[in-house]
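*Asks:* One file is attached below, work11.pdb, containing PDB, N, CA, C and O atoms.
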```pdb
ATOM      1  N   MET C   1      62.027  89.690   8.367
ATOM      2  CA  MET C   1      61.463  90.767   9.148
ATOM      3  C   MET C   1      62.587  91.641   9.694
ATOM      4  O   MET C   1      63.619  91.140  10.096
ATOM      5  N   ARG C   2      62.351  92.943   9.727
ATOM      6  CA  ARG C   2      63.349  93.874  10.235
ATOM      7  C   ARG C   2      63.497  93.771  11.732
ATOM      8  O   ARG C   2      62.540  93.527  12.442
ATOM      9  N   LYS C   3      64.693  93.982  12.192
ATOM     10  CA  LYS C   3      64.924  94.080  13.630
ATOM     11  C   LYS C   3      64.552  95.490  14.066
ATOM     12  O   LYS C   3      64.573  96.427  13.272
ATOM     13  N   ASP C   4      64.191  95.651  15.326
ATOM     14  CA  ASP C   4      63.867  96.973  15.848
ATOM     15  C   ASP C   4      65.075  97.889  15.757
ATOM     16  O   ASP C   4      66.197  97.496  16.055
ATOM     17  N   ILE C   5      64.838  99.098  15.324
ATOM     18  CA  ILE C   5      65.882 100.104  15.247
ATOM     19  C   ILE C   5      65.482 101.226  16.193
ATOM     20  O   ILE C   5      64.420 101.822  16.048
ATOM     21  N   LYS C   6      66.324 101.503  17.162
ATOM     22  CA  LYS C   6      66.017 102.523  18.157
ATOM     23  C   LYS C   6      65.934 103.896  17.488
ATOM     24  O   LYS C   6      66.737 104.222  16.620
ATOM     25  N   ASP C   7      64.969 104.684  17.936
ATOM     26  CA  ASP C   7      64.771 106.055  17.451
ATOM     27  C   ASP C   7      64.482 106.118  15.954
ATOM     28  O   ASP C   7      64.837 107.081  15.290
ATOM     29  N   LYS C   8      63.847 105.129  15.397
ATOM     30  CA  LYS C   8      63.488 105.108  13.978
ATOM     31  C   LYS C   8      62.004 105.341  13.839
ATOM     32  O   LYS C   8      61.201 104.690  14.487
ATOM     33  N   VAL C   9      61.636 106.305  13.011
ATOM     34  CA  VAL C   9      60.231 106.516  12.678
ATOM     35  C   VAL C   9      59.884 105.567  11.540
ATOM     36  O   VAL C   9      60.549 105.559  10.509
ATOM     37  N   VAL C  10      58.869 104.758  11.738
ATOM     38  CA  VAL C  10      58.438 103.799  10.717
ATOM     39  C   VAL C  10      57.400 104.463   9.830
ATOM     40  O   VAL C  10      56.459 105.088  10.319
ATOM     41  N   ILE C  11      57.571 104.338   8.529
ATOM     42  CA  ILE C  11      56.636 104.932   7.576
ATOM     43  C   ILE C  11      55.890 103.813   6.860
ATOM     44  O   ILE C  11      56.500 102.917   6.271
ATOM     45  N   VAL C  12      54.562 103.873   6.947
ATOM     46  CA  VAL C  12      53.683 102.912   6.289
ATOM     47  C   VAL C  12      52.801 103.683   5.321
ATOM     48  O   VAL C  12      52.272 104.735   5.661
ATOM     49  N   THR C  13      52.650 103.185   4.120
ATOM     50  CA  THR C  13      51.779 103.804   3.143
ATOM     51  C   THR C  13      50.714 102.792   2.742
ATOM     52  O   THR C  13      50.840 101.604   3.011
ATOM     53  N   GLY C  14      49.686 103.274   2.089
ATOM     54  CA  GLY C  14      48.629 102.353   1.689
ATOM     55  C   GLY C  14      47.821 102.893   0.533
ATOM     56  O   GLY C  14      47.860 104.076   0.219
ATOM     57  N   GLY C  15      47.097 101.998  -0.108
ATOM     58  CA  GLY C  15      46.257 102.388  -1.222
ATOM     59  C   GLY C  15      45.468 101.199  -1.720
ATOM     60  O   GLY C  15      45.655 100.076  -1.274
ATOM     61  N   GLY C  16      44.582 101.490  -2.657
ATOM     62  CA  GLY C  16      43.771 100.439  -3.252
ATOM     63  C   GLY C  16      44.463  99.850  -4.466
ATOM     64  O   GLY C  16      45.556 100.256  -4.847
ATOM     65  N   SER C  17      43.826  98.896  -5.082
ATOM     66  CA  SER C  17      44.363  98.306  -6.304
ATOM     67  C   SER C  17      43.230  98.175  -7.302
ATOM     68  O   SER C  17      42.070  98.360  -6.979
ATOM     69  N   GLY C  18      43.563  97.898  -8.493
ATOM     70  CA  GLY C  18      42.549  97.790  -9.543
ATOM     71  C   GLY C  18      43.087  98.378 -10.830
ATOM     72  O   GLY C  18      44.262  98.232 -11.137
ATOM     73  N   HIS C  19      42.235  99.091 -11.567
ATOM     74  CA  HIS C  19      42.673  99.710 -12.814
ATOM     75  C   HIS C  19      43.669 100.822 -12.532
ATOM     76  O   HIS C  19      43.858 101.250 -11.406
ATOM     77  N   GLU C  20      44.286 101.312 -13.586
ATOM     78  CA  GLU C  20      45.288 102.363 -13.428
ATOM     79  C   GLU C  20      44.664 103.598 -12.807
ATOM     80  O   GLU C  20      43.510 103.900 -13.083
ATOM     81  N   PRO C  21      45.348 104.382 -11.978
ATOM     82  CA  PRO C  21      46.727 104.077 -11.609
ATOM     83  C   PRO C  21      46.776 102.947 -10.592
ATOM     84  O   PRO C  21      46.096 102.980  -9.589
ATOM     85  N   LEU C  22      47.562 101.961 -10.885
ATOM     86  CA  LEU C  22      47.731 100.809 -10.008
ATOM     87  C   LEU C  22      48.593 101.206  -8.832
ATOM     88  O   LEU C  22      49.622 101.834  -9.002
ATOM     89  N   PHE C  23      48.169 100.878  -7.646
ATOM     90  CA  PHE C  23      48.946 101.212  -6.455
ATOM     91  C   PHE C  23      49.990 100.134  -6.226
ATOM     92  O   PHE C  23      49.683  98.960  -6.125
ATOM     93  N   LEU C  24      51.229 100.551  -6.184
ATOM     94  CA  LEU C  24      52.334  99.656  -5.856
ATOM     95  C   LEU C  24      53.064 100.241  -4.669
ATOM     96  O   LEU C  24      53.303 101.444  -4.624
ATOM     97  N   GLY C  25      53.430  99.419  -3.721
ATOM     98  CA  GLY C  25      54.190  99.894  -2.580
ATOM     99  C   GLY C  25      55.646  99.537  -2.748
ATOM    100  O   GLY C  25      55.987  98.407  -3.075
ATOM    101  N   PHE C  26      56.494 100.516  -2.590
ATOM    102  CA  PHE C  26      57.922 100.296  -2.747
ATOM    103  C   PHE C  26      58.570 100.235  -1.380
ATOM    104  O   PHE C  26      58.702 101.239  -0.694
ATOM    105  N   ILE C  27      58.976  99.034  -0.973
ATOM    106  CA  ILE C  27      59.595  98.799   0.326
ATOM    107  C   ILE C  27      61.083  98.559   0.111
ATOM    108  O   ILE C  27      61.468  97.824  -0.786
ATOM    109  N   GLY C  28      61.881  99.202   0.943
ATOM    110  CA  GLY C  28      63.311  98.964   0.848
ATOM    111  C   GLY C  28      64.099 100.104   1.452
ATOM    112  O   GLY C  28      63.537 101.071   1.966
ATOM    113  N   GLU C  29      65.401 100.007   1.360
ATOM    114  CA  GLU C  29      66.268 101.032   1.918
ATOM    115  C   GLU C  29      66.006 102.367   1.225
ATOM    116  O   GLU C  29      65.995 102.465   0.001
ATOM    117  N   GLY C  30      65.735 103.379   2.023
ATOM    118  CA  GLY C  30      65.424 104.699   1.486
ATOM    119  C   GLY C  30      63.984 104.854   1.049
ATOM    120  O   GLY C  30      63.599 105.901   0.534
ATOM    121  N   LEU C  31      63.194 103.802   1.204
ATOM    122  CA  LEU C  31      61.785 103.833   0.817
ATOM    123  C   LEU C  31      60.933 103.585   2.061
ATOM    124  O   LEU C  31      61.416 103.703   3.170
ATOM    125  N   VAL C  32      59.673 103.245   1.894
ATOM    126  CA  VAL C  32      58.806 103.024   3.046
ATOM    127  C   VAL C  32      59.117 101.697   3.726
ATOM    128  O   VAL C  32      59.758 100.815   3.150
ATOM    129  N   ASP C  33      58.640 101.567   4.973
ATOM    130  CA  ASP C  33      58.893 100.360   5.764
ATOM    131  C   ASP C  33      57.793  99.317   5.631
ATOM    132  O   ASP C  33      58.010  98.145   5.927
ATOM    133  N   GLY C  34      56.612  99.730   5.223
ATOM    134  CA  GLY C  34      55.506  98.792   5.087
ATOM    135  C   GLY C  34      54.446  99.340   4.157
ATOM    136  O   GLY C  34      54.298 100.552   4.003
ATOM    137  N   VAL C  35      53.690  98.446   3.525
ATOM    138  CA  VAL C  35      52.643  98.840   2.596
ATOM    139  C   VAL C  35      51.379  98.053   2.902
ATOM    140  O   VAL C  35      51.399  96.834   2.997
ATOM    141  N   ALA C  36      50.286  98.778   3.082
ATOM    142  CA  ALA C  36      48.978  98.158   3.278
ATOM    143  C   ALA C  36      48.177  98.361   2.002
ATOM    144  O   ALA C  36      47.940  99.495   1.588
ATOM    145  N   THR C  37      47.788  97.280   1.355
ATOM    146  CA  THR C  37      47.032  97.400   0.117
ATOM    147  C   THR C  37      45.611  96.909   0.309
ATOM    148  O   THR C  37      45.354  95.997   1.089
ATOM    149  N   GLY C  38      44.709  97.515  -0.409
ATOM    150  CA  GLY C  38      43.309  97.118  -0.363
ATOM    151  C   GLY C  38      42.978  96.187  -1.516
ATOM    152  O   GLY C  38      43.823  95.872  -2.350
ATOM    153  N   THR C  39      41.733  95.792  -1.561
ATOM    154  CA  THR C  39      41.276  94.950  -2.665
ATOM    155  C   THR C  39      40.952  95.842  -3.858
ATOM    156  O   THR C  39      41.164  97.053  -3.821
ATOM    157  N   VAL C  40      40.434  95.268  -4.917
ATOM    158  CA  VAL C  40      40.142  96.022  -6.130
ATOM    159  C   VAL C  40      39.193  97.176  -5.823
ATOM    160  O   VAL C  40      38.130  96.973  -5.229
ATOM    161  N   PHE C  41      39.617  98.375  -6.191
ATOM    162  CA  PHE C  41      38.845  99.610  -6.039
ATOM    163  C   PHE C  41      38.523  99.958  -4.589
ATOM    164  O   PHE C  41      37.532 100.628  -4.315
ATOM    165  N   ALA C  42      39.327  99.489  -3.653
ATOM    166  CA  ALA C  42      39.052  99.766  -2.237
ATOM    167  C   ALA C  42      40.346 100.070  -1.492
ATOM    168  O   ALA C  42      41.397  99.510  -1.789
ATOM    169  N   ALA C  43      40.230 100.958  -0.531
ATOM    170  CA  ALA C  43      41.358 101.269   0.343
ATOM    171  C   ALA C  43      41.598 100.089   1.283
ATOM    172  O   ALA C  43      40.719  99.251   1.478
ATOM    173  N   PRO C  44      42.776 100.024   1.882
ATOM    174  CA  PRO C  44      43.019  98.963   2.858
ATOM    175  C   PRO C  44      42.130  99.148   4.080
ATOM    176  O   PRO C  44      41.781 100.266   4.442
ATOM    177  N   THR C  45      41.769  98.054   4.709
ATOM    178  CA  THR C  45      40.936  98.135   5.906
ATOM    179  C   THR C  45      41.783  98.607   7.088
ATOM    180  O   THR C  45      43.011  98.487   7.065
ATOM    181  N   PRO C  46      41.145  99.151   8.116
ATOM    182  CA  PRO C  46      41.893  99.534   9.315
ATOM    183  C   PRO C  46      42.701  98.373   9.897
ATOM    184  O   PRO C  46      43.820  98.563  10.361
ATOM    185  N   ASN C  47      42.149  97.164   9.854
ATOM    186  CA  ASN C  47      42.870  96.001  10.372
ATOM    187  C   ASN C  47      44.124  95.711   9.558
ATOM    188  O   ASN C  47      45.162  95.343  10.119
ATOM    189  N   THR C  48      44.051  95.882   8.248
ATOM    190  CA  THR C  48      45.218  95.667   7.400
ATOM    191  C   THR C  48      46.307  96.682   7.728
ATOM    192  O   THR C  48      47.473  96.331   7.867
ATOM    193  N   VAL C  49      45.928  97.938   7.869
ATOM    194  CA  VAL C  49      46.887  98.987   8.210
ATOM    195  C   VAL C  49      47.525  98.689   9.564
ATOM    196  O   VAL C  49      48.738  98.802   9.736
ATOM    197  N   GLN C  50      46.714  98.286  10.532
ATOM    198  CA  GLN C  50      47.232  97.960  11.857
ATOM    199  C   GLN C  50      48.201  96.776  11.804
ATOM    200  O   GLN C  50      49.253  96.795  12.443
ATOM    201  N   ASP C  51      47.860  95.753  11.033
ATOM    202  CA  ASP C  51      48.742  94.582  10.903
ATOM    203  C   ASP C  51      50.083  94.966  10.290
ATOM    204  O   ASP C  51      51.125  94.485  10.724
ATOM    205  N   VAL C  52      50.064  95.814   9.283
ATOM    206  CA  VAL C  52      51.304  96.237   8.628
ATOM    207  C   VAL C  52      52.147  97.072   9.580
ATOM    208  O   VAL C  52      53.354  96.906   9.667
ATOM    209  N   ALA C  53      51.484  97.975  10.301
ATOM    210  CA  ALA C  53      52.220  98.823  11.256
ATOM    211  C   ALA C  53      52.839  97.979  12.341
ATOM    212  O   ALA C  53      53.939  98.210  12.774
TER     213      ALA C  53
END
```
What would the structure in this file look like if it were written as C-alpha cells?

*Replies:*
Amino acid sequence: MRKDIKDKVVIVTGGGSGHEPLFLGFIGEGLVDGVATGTVFAAPTPNTVQDVA
C-alpha cells in the first residue's frame, strides 16, 4: 500500500469487464493510483469506487 503523499491528487479510474473492449486498469508510476472494476457487462458499484478511493 502507498504511503500518504502530501499535496498529491489521487486519480482513480473505473470500468466494467466482459467482452472487448476489455477494461484493464493500469496502476503504477505515471499512471493511475487505483482502479475500480465492475463485474461482467457492469460498471463498478459506488461501494467499490469508494473502497478503491

*Asks:* The PyMOL selection byres ((chain C and resi 14) around 7) - which residues does that actually catch in the file I just gave you? List them as a compact mmCIF listing (two decimals) with N, CA, C and O atoms, in the frame of the given file.

*Replies:*
```
# COMPACT_ATOMS: atom_id res chain seq x y z
N VAL C 12 54.56 103.87 6.95
CA VAL C 12 53.68 102.91 6.29
C VAL C 12 52.80 103.68 5.32
O VAL C 12 52.27 104.74 5.66
N THR C 13 52.65 103.18 4.12
CA THR C 13 51.78 103.80 3.14
C THR C 13 50.71 102.79 2.74
O THR C 13 50.84 101.60 3.01
N GLY C 15 47.10 102.00 -0.11
CA GLY C 15 46.26 102.39 -1.22
C GLY C 15 45.47 101.20 -1.72
O GLY C 15 45.66 100.08 -1.27
N GLY C 16 44.58 101.49 -2.66
CA GLY C 16 43.77 100.44 -3.25
C GLY C 16 44.46 99.85 -4.47
O GLY C 16 45.56 100.26 -4.85
N GLY C 34 56.61 99.73 5.22
CA GLY C 34 55.51 98.79 5.09
C GLY C 34 54.45 99.34 4.16
O GLY C 34 54.30 100.55 4.00
N VAL C 35 53.69 98.45 3.52
CA VAL C 35 52.64 98.84 2.60
C VAL C 35 51.38 98.05 2.90
O VAL C 35 51.40 96.83 3.00
N ALA C 36 50.29 98.78 3.08
CA ALA C 36 48.98 98.16 3.28
C ALA C 36 48.18 98.36 2.00
O ALA C 36 47.94 99.50 1.59
N THR C 37 47.79 97.28 1.36
CA THR C 37 47.03 97.40 0.12
C THR C 37 45.61 96.91 0.31
O THR C 37 45.35 96.00 1.09
N GLY C 38 44.71 97.52 -0.41
CA GLY C 38 43.31 97.12 -0.36
C GLY C 38 42.98 96.19 -1.52
O GLY C 38 43.82 95.87 -2.35
N ALA C 43 40.23 100.96 -0.53
CA ALA C 43 41.36 101.27 0.34
C ALA C 43 41.60 100.09 1.28
O ALA C 43 40.72 99.25 1.48
N PRO C 44 42.78 100.02 1.88
CA PRO C 44 43.02 98.96 2.86
C PRO C 44 42.13 99.15 4.08
O PRO C 44 41.78 100.27 4.44
```

*Asks:* Quick one: distance from CA of Asp7 in chain C to CA of Asp33 in chain C in Å, one decimal?

*Replies:*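 Answer for the CA of Asp7 in chain C to CA of Asp33 in chain C separation: 14.3 Å.
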
*Asks:* Report, in Å to a single decimal, how far apart atom N of Lys8 in chain C and CA of Gly30 in chain C are.

*Replies:*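 That distance, rounded to one decimal, is 14.0 Å.
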
*Asks:* Just give me the gap between atom C of Val40 in chain C and atom N of Val10 in chain C in Å, one decimal is fine.

*Replies:*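 Straight-line distance from atom C of Val40 in chain C to atom N of Val10 in chain C works out to 27.4 Å.
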
*Asks:* Would you compute, for all listed atoms of range 23-38 of chain C, the axis-aligned bounding box grown by 4 Å on each side, and then report its centre and edge lengths in Å rounded to one decimal, as lines of an AutoDock Vina configuration file?

*Replies:*
```
center_x = 54.6
center_y = 100.9
center_z = -0.9
size_x = 31.3
size_y = 18.0
size_z = 21.6
```

*Asks:* Restricting the calculation to all atoms listed in the file: of C:Lys6, C:Ile11, C:Thr39, C:Gln50, which residue gets closest to Ile27 in chain C?

*Replies:*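 Answer, going by the shortest atom-to-atom distance: C:Ile11.
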